[in-house]
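Engineer: After the structure tokens below, expect a handful of questions from me.
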Amino acid sequence: MSGWGAIYNQTQFSLKTWSATLTRLFEQGASGVRILRASDAPSAAYRVLGLRDTQMSIGSYLDNVAEINRRMDNMHANLTEIDDLLTRVRVLVSQASAGTFAPVNRVPVADEVDALLEQAVMFANGNDLGRYYFGGSDTTNPPYKVIRENGKIVRVEYVGSQRNTDVPVAPGVRFAGTLVGDNVFSGKNGGVPTFYGITGVQAGVGTSTVRGDAWLTITHRATSFDAASGLAAGTGSAGGDTILGTHRVTIDAAARTMQLDDGPAIAFDGSETNLKLTNAAGDAVHVDVTGWSGADGAFAVSATGWASLDGGLTRTAITDDGNLAVTDSRTGQILYIDGASVQRAGVEPVRVEGSFDLFGTLIQVRDLLRNDTLSATQQSDLLNLTQGSLIEVFTGITQSLTTLGGRMQALDRLAAGLVMTGDNAKSQADRLQDVDAITLAAELARAQTFYQLTLASSAKLLSLSLLDYI
């Protein structure tokens, strides 16, 4: 019986094997897929899994590329709007600084510049569904903070991140998905401050952190005279003196005249408590003559003062320090000046080439157009100077537009390469996994033949009896 048992087991095994083979081949034919289970072809299945994983990764990368491209399109549109409004401001400044442009007509121009400033802030704080474009890696908060006084913008501060957000766009490749607004809208190449006023102030030896345009306000503090002269500060000295530093008062006792530096000789009788003297530069000092000692000749007169960068909110006493630090309490920026060089009170326009920012420049232009303390000539001269800062800011934004365009082209090329890689991976996986109809038909015919032969053999063997051997 052991012989018949072995035959039976072998026959049963063959039937099961060919039945399973036929089932698998029919499944392949019905699904069109050759590898239904890893056990069907372990090596090929491993390769297919790797290729399908590559396909999925490529899909994720392409999604990232599409998202970055969409954001870059929006950033490019916002920068183009700012570029256009800067062009408009340059035209307005050119018109307003012309000698034929009446000062009264500058006020509506200032209003238009103010409106353009509001638009610039809006575009710089541009976002897509709450994700901001120009805040670097901080995409959830507006990158620019606006400070207003009486409803008007007086300062715009960058509060975004100084780092970009890098997004994976290909294996081992990351791409910046945002821009740092402080790099786009602000210059970083500040140099030595230049002074354009009449106070005589010069730059100190320290490295100032003031950027763009600023206003240095020099005010009178106190005036003192050589004790030998007997002179004292007049009643109008506190609010009327404009001299700073050391000057001289020349007294002609015989002629009863006094003279400040190279100014005109002014007659006095000794009873004046507020005698006004001026020099050729227009600097003024008020003198109390009642204590005059009767001395004749030249006597020193010196005046101290204050310097301020924030419109008088904080003041720094002017000394002979060659590197006097004046700090803007609003921004923390520092301007180093040579205290000994200051000659008179006044408002000193300060410019730091290479460090202009979009918003500070627009605020400067607007305020210059509204300024009613400068002469028409001074106003025109300063407006002409702002053309340089406008061009500097304009150039920076144009460069950013060019950079964005280059990035978008690079992403397009990368996307094309990713699509090709994904298609190749899909094609290879399909070739490994999909059924070849001709091969399947041949294998199916072979399996059916062997299955039928096994059935026939089984039937023959099972029909044998002892009579077949008699």
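Identifiers in this document derive from the order of the structure tokens: chains are assigned A, B, ..., residues are numbered from 1 separately in each chain, and ligands are numbered from 1 in order of occurrence.
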Quick one: residues within 12 Å of Leu385 (chain A), only C-alpha atoms, excluding same-chain residues fewer than 2 positions away - as an MDAnalysis selection string?

Structural biologist: chainID A and resid 90 93:94 97 194:196 212:213 349:353 361 364:365 368 378:383 387:392

Engineer: Go through region 178-349 of chain A and collect every residue that DSSP, computed from the backbone, puts in strand (DSSP E or B); the answer should be as a ChimeraX atom specification.

Structural biologist: /A:180,186,194-195,202-203,212-225,232-233,243,245-252,257-260,266-267,275-278,284-288,297-308,316-317,324-327,334-338,344,346-349

Engineer: Keeping only C-alpha atoms, write the selected residues as a compact mmCIF listing (two decimals), in the first residue's frame.

Structural biologist:
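That gives us part-v4.txt:
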```
# COMPACT_ATOMS: atom_id res chain seq x y z
CA VAL A 180 13.24 87.92 3.08
CA SER A 186 16.23 97.52 1.93
CA THR A 194 26.62 112.57 4.29
CA PHE A 195 25.22 115.81 5.74
CA GLN A 202 30.61 116.19 10.23
CA ALA A 203 30.65 112.40 10.60
CA GLY A 212 18.69 105.70 4.31
CA ASP A 213 17.56 109.25 5.06
CA ALA A 214 17.34 110.78 8.52
CA TRP A 215 16.92 114.20 10.09
CA LEU A 216 19.43 115.37 12.68
CA THR A 217 17.98 118.22 14.74
CA ILE A 218 20.53 120.54 16.33
CA THR A 219 19.12 122.90 18.96
CA HIS A 220 20.68 125.59 21.15
CA ARG A 221 21.19 124.85 24.83
CA ALA A 222 23.06 127.66 26.57
CA THR A 223 25.40 130.55 25.72
CA SER A 224 28.29 131.81 27.87
CA PHE A 225 30.72 134.73 27.49
CA ALA A 232 25.84 137.68 29.66
CA ALA A 233 23.20 135.79 27.74
CA ILE A 243 25.35 129.67 17.42
CA GLY A 245 30.67 125.96 19.52
CA THR A 246 33.17 128.78 20.00
CA HIS A 247 32.81 132.22 18.39
CA ARG A 248 33.98 135.72 19.23
CA VAL A 249 32.39 139.03 20.08
CA THR A 250 34.46 142.09 19.21
CA ILE A 251 33.74 145.23 21.24
CA ASP A 252 34.74 148.72 20.06
CA THR A 257 29.60 148.80 18.81
CA MET A 258 29.63 145.02 19.07
CA GLN A 259 30.25 142.47 16.33
CA LEU A 260 29.74 138.66 16.20
CA ILE A 266 25.79 146.79 16.09
CA ALA A 267 25.57 149.95 18.20
CA LEU A 275 20.96 142.89 21.93
CA LYS A 276 20.91 140.66 18.85
CA LEU A 277 24.19 140.10 17.02
CA THR A 278 24.57 138.08 13.82
CA ALA A 284 22.60 134.79 15.99
CA VAL A 285 23.38 135.46 19.64
CA HIS A 286 21.42 137.60 22.10
CA VAL A 287 23.48 139.62 24.59
CA ASP A 288 22.74 141.27 27.92
CA GLY A 297 38.67 143.98 21.99
CA ALA A 298 37.69 140.40 21.06
CA PHE A 299 36.17 138.04 23.61
CA ALA A 300 35.21 134.42 23.34
CA VAL A 301 31.58 133.40 23.32
CA SER A 302 30.62 129.74 23.30
CA ALA A 303 27.34 127.89 23.07
CA THR A 304 26.35 124.33 23.86
CA GLY A 305 23.55 122.43 22.19
CA TRP A 306 21.52 119.29 21.81
CA ALA A 307 21.43 116.75 19.00
CA SER A 308 18.42 114.56 18.26
CA THR A 316 22.20 114.12 23.31
CA ALA A 317 24.31 116.92 24.71
CA LEU A 324 29.55 111.50 19.67
CA ALA A 325 26.76 108.90 19.49
CA VAL A 326 23.25 110.17 18.77
CA THR A 327 20.59 107.45 19.10
CA ILE A 334 22.96 105.31 15.97
CA LEU A 335 24.58 108.24 14.18
CA TYR A 336 28.15 109.10 15.11
CA ILE A 337 29.06 112.78 14.71
CA ASP A 338 32.04 114.99 15.40
CA ARG A 344 24.92 126.33 14.47
CA GLY A 346 19.16 123.77 12.49
CA VAL A 347 17.72 120.64 10.94
CA GLU A 348 20.37 118.60 9.12
CA PRO A 349 19.32 116.14 6.39
```

Engineer: What is the CA of Thr319 (chain A) to CA of Gly236 (chain A) distance in Å?

Structural biologist: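 Computing the Euclidean distance for CA of Thr319 (chain A) and CA of Gly236 (chain A) yields 22.9 Å.
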
Engineer: If you run DSSP on the backbone, which residues of region 303-401 of chain A are alpha helix (DSSP H), as a ChimeraX atom specification?

Structural biologist: /A:358-370,376-401

Engineer: Using only C-alpha atoms, which of A:Met122, A:Pro143, A:Val156, A:Thr178 sits nearest Leu404 (chain A)?

Structural biologist: A:Thr178

Engineer: Of the candidates A:Val192, A:Gly360, A:Gly291, A:Asn164, which one gets nearest to Ile147 (chain A) if we count only C-alpha atoms?

Structural biologist: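 With only C-alpha atoms as the atom set, the closest residue is A:Gly360.
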
Engineer: Give me, as a list in words, all polymer residues having an atom no more than 12 Å from Pro168 (chain A), counting only C-alpha atoms and skipping those fewer than 4 positions away in the same chain.

Structural biologist: Ser57, Ile58, Ser60, Tyr61, Leu62, Asp63, Asn64, Val65, Ala66, Glu67, Ile68, Gly172, Val173, Arg174, Phe175, Ala176, Gly177, Leu411 and Leu414 of chain A

Engineer: Could those residues be written to a file, using C-alpha atoms, as a PDB file, in the first residue's frame?

Structural biologist:
```
ATOM      1  CA  SER A  57       8.153  60.738  -4.217  1.00  0.00           C
ATOM      2  CA  ILE A  58       8.226  62.417  -7.603  1.00  0.00           C
ATOM      3  CA  SER A  60       5.220  64.905  -3.817  1.00  0.00           C
ATOM      4  CA  TYR A  61       8.138  66.854  -5.253  1.00  0.00           C
ATOM      5  CA  LEU A  62       6.018  68.016  -8.183  1.00  0.00           C
ATOM      6  CA  ASP A  63       3.330  69.191  -5.754  1.00  0.00           C
ATOM      7  CA  ASN A  64       5.976  71.229  -3.894  1.00  0.00           C
ATOM      8  CA  VAL A  65       7.299  72.670  -7.159  1.00  0.00           C
ATOM      9  CA  ALA A  66       3.786  73.649  -8.236  1.00  0.00           C
ATOM     10  CA  GLU A  67       3.150  75.344  -4.863  1.00  0.00           C
ATOM     11  CA  ILE A  68       6.440  77.270  -4.963  1.00  0.00           C
ATOM     12  CA  GLY A 172      18.777  66.207  -2.089  1.00  0.00           C
ATOM     13  CA  VAL A 173      17.556  69.514  -3.536  1.00  0.00           C
ATOM     14  CA  ARG A 174      15.809  72.255  -1.523  1.00  0.00           C
ATOM     15  CA  PHE A 175      14.421  75.499  -2.880  1.00  0.00           C
ATOM     16  CA  ALA A 176      13.547  78.792  -1.184  1.00  0.00           C
ATOM     17  CA  GLY A 177       9.777  79.149  -1.120  1.00  0.00           C
ATOM     18  CA  LEU A 411      11.925  75.261 -11.312  1.00  0.00           C
ATOM     19  CA  LEU A 414      13.468  70.845 -12.660  1.00  0.00           C
TER      20      LEU A 414
END
```

Engineer: Please list as a list in words every residue within 8 Å of region 102-119 of chain A, counting only C-alpha atoms and excluding residues in the same chain fewer than 2 positions away.

Structural biologist: Leu85, Val89, Leu92, Ala96, Gly99, Thr100, Val121, Met122, Phe123, Ile153, Phe359, Leu362, Ile363, Val365, Arg366, Asp367, Leu369, Arg370 and Ala376 of chain A

Engineer: Just the selected residues (N, CA, C and O atoms), exported as a PDB file, in the first residue's frame, please.

Structural biologist:
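The file below, again_6.pdb, is the result:
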```
ATOM      1  N   LEU A  85       4.725 101.482  -9.013  1.00  0.00           N
ATOM      2  CA  LEU A  85       4.415 102.657  -8.194  1.00  0.00           C
ATOM      3  C   LEU A  85       5.670 103.485  -7.913  1.00  0.00           C
ATOM      4  O   LEU A  85       5.606 104.714  -7.784  1.00  0.00           O
ATOM      5  N   VAL A  89       6.332 107.462  -8.536  1.00  0.00           N
ATOM      6  CA  VAL A  89       6.910 108.392  -7.552  1.00  0.00           C
ATOM      7  C   VAL A  89       8.073 109.160  -8.159  1.00  0.00           C
ATOM      8  O   VAL A  89       8.228 110.370  -7.935  1.00  0.00           O
ATOM      9  N   LEU A  92       6.699 111.917 -10.172  1.00  0.00           N
ATOM     10  CA  LEU A  92       6.160 112.985  -9.319  1.00  0.00           C
ATOM     11  C   LEU A  92       7.281 113.829  -8.713  1.00  0.00           C
ATOM     12  O   LEU A  92       7.177 115.061  -8.660  1.00  0.00           O
ATOM     13  N   ALA A  96       7.879 117.755  -9.132  1.00  0.00           N
ATOM     14  CA  ALA A  96       7.806 118.624  -7.956  1.00  0.00           C
ATOM     15  C   ALA A  96       9.103 119.370  -7.695  1.00  0.00           C
ATOM     16  O   ALA A  96       9.092 120.458  -7.094  1.00  0.00           O
ATOM     17  N   GLY A  99      11.898 123.872 -10.998  1.00  0.00           N
ATOM     18  CA  GLY A  99      11.836 125.249 -10.533  1.00  0.00           C
ATOM     19  C   GLY A  99      10.516 125.929 -10.812  1.00  0.00           C
ATOM     20  O   GLY A  99      10.146 126.908 -10.152  1.00  0.00           O
ATOM     21  N   THR A 100       9.793 125.424 -11.800  1.00  0.00           N
ATOM     22  CA  THR A 100       8.523 126.050 -12.173  1.00  0.00           C
ATOM     23  C   THR A 100       7.350 125.495 -11.371  1.00  0.00           C
ATOM     24  O   THR A 100       6.215 125.938 -11.532  1.00  0.00           O
ATOM     25  N   VAL A 121       3.050  99.162   1.264  1.00  0.00           N
ATOM     26  CA  VAL A 121       2.966  98.345   2.480  1.00  0.00           C
ATOM     27  C   VAL A 121       2.036  97.155   2.249  1.00  0.00           C
ATOM     28  O   VAL A 121       2.327  96.024   2.659  1.00  0.00           O
ATOM     29  N   MET A 122       0.910  97.410   1.580  1.00  0.00           N
ATOM     30  CA  MET A 122      -0.046  96.341   1.307  1.00  0.00           C
ATOM     31  C   MET A 122       0.604  95.230   0.474  1.00  0.00           C
ATOM     32  O   MET A 122       0.458  94.036   0.776  1.00  0.00           O
ATOM     33  N   PHE A 123       1.339  95.599  -0.571  1.00  0.00           N
ATOM     34  CA  PHE A 123       1.975  94.590  -1.419  1.00  0.00           C
ATOM     35  C   PHE A 123       3.104  93.866  -0.681  1.00  0.00           C
ATOM     36  O   PHE A 123       3.306  92.662  -0.865  1.00  0.00           O
ATOM     37  N   ILE A 153       1.380 107.084   8.090  1.00  0.00           N
ATOM     38  CA  ILE A 153       2.524 106.204   8.339  1.00  0.00           C
ATOM     39  C   ILE A 153       3.772 107.060   8.594  1.00  0.00           C
ATOM     40  O   ILE A 153       4.128 107.909   7.780  1.00  0.00           O
ATOM     41  N   PHE A 359      10.272 101.971   2.175  1.00  0.00           N
ATOM     42  CA  PHE A 359       9.278 102.725   2.933  1.00  0.00           C
ATOM     43  C   PHE A 359       9.855 104.024   3.495  1.00  0.00           C
ATOM     44  O   PHE A 359       9.205 105.066   3.453  1.00  0.00           O
ATOM     45  N   LEU A 362       9.962 106.541   0.660  1.00  0.00           N
ATOM     46  CA  LEU A 362       8.653 107.115   0.324  1.00  0.00           C
ATOM     47  C   LEU A 362       8.188 108.081   1.406  1.00  0.00           C
ATOM     48  O   LEU A 362       7.608 109.143   1.105  1.00  0.00           O
ATOM     49  N   ILE A 363       8.448 107.751   2.668  1.00  0.00           N
ATOM     50  CA  ILE A 363       8.093 108.661   3.766  1.00  0.00           C
ATOM     51  C   ILE A 363       8.893 109.951   3.651  1.00  0.00           C
ATOM     52  O   ILE A 363       8.363 111.055   3.841  1.00  0.00           O
ATOM     53  N   VAL A 365      10.158 111.309   0.922  1.00  0.00           N
ATOM     54  CA  VAL A 365       9.645 112.105  -0.203  1.00  0.00           C
ATOM     55  C   VAL A 365       8.349 112.810   0.192  1.00  0.00           C
ATOM     56  O   VAL A 365       8.179 114.007  -0.045  1.00  0.00           O
ATOM     57  N   ARG A 366       7.438 112.070   0.815  1.00  0.00           N
ATOM     58  CA  ARG A 366       6.162 112.670   1.224  1.00  0.00           C
ATOM     59  C   ARG A 366       6.371 113.831   2.184  1.00  0.00           C
ATOM     60  O   ARG A 366       5.776 114.910   2.023  1.00  0.00           O
ATOM     61  N   ASP A 367       7.231 113.631   3.186  1.00  0.00           N
ATOM     62  CA  ASP A 367       7.447 114.676   4.189  1.00  0.00           C
ATOM     63  C   ASP A 367       8.166 115.885   3.608  1.00  0.00           C
ATOM     64  O   ASP A 367       7.916 117.034   4.024  1.00  0.00           O
ATOM     65  N   LEU A 369       7.825 116.954   0.555  1.00  0.00           N
ATOM     66  CA  LEU A 369       6.810 117.665  -0.224  1.00  0.00           C
ATOM     67  C   LEU A 369       5.886 118.490   0.663  1.00  0.00           C
ATOM     68  O   LEU A 369       5.350 119.515   0.237  1.00  0.00           O
ATOM     69  N   ARG A 370       5.719 118.057   1.916  1.00  0.00           N
ATOM     70  CA  ARG A 370       4.850 118.780   2.843  1.00  0.00           C
ATOM     71  C   ARG A 370       5.602 119.790   3.700  1.00  0.00           C
ATOM     72  O   ARG A 370       4.983 120.565   4.432  1.00  0.00           O
ATOM     73  N   ALA A 376      12.162 127.279  -0.858  1.00  0.00           N
ATOM     74  CA  ALA A 376      11.808 126.576  -2.092  1.00  0.00           C
ATOM     75  C   ALA A 376      13.041 125.939  -2.722  1.00  0.00           C
ATOM     76  O   ALA A 376      12.982 124.828  -3.254  1.00  0.00           O
TER      77      ALA A 376
END
```

Engineer: Between A:Leu231, A:Leu244, A:Ala120, A:Val167, which residue has the minimum interatomic distance to Glu81 (chain A), considering only C-alpha atoms?

Structural biologist: A:Ala120
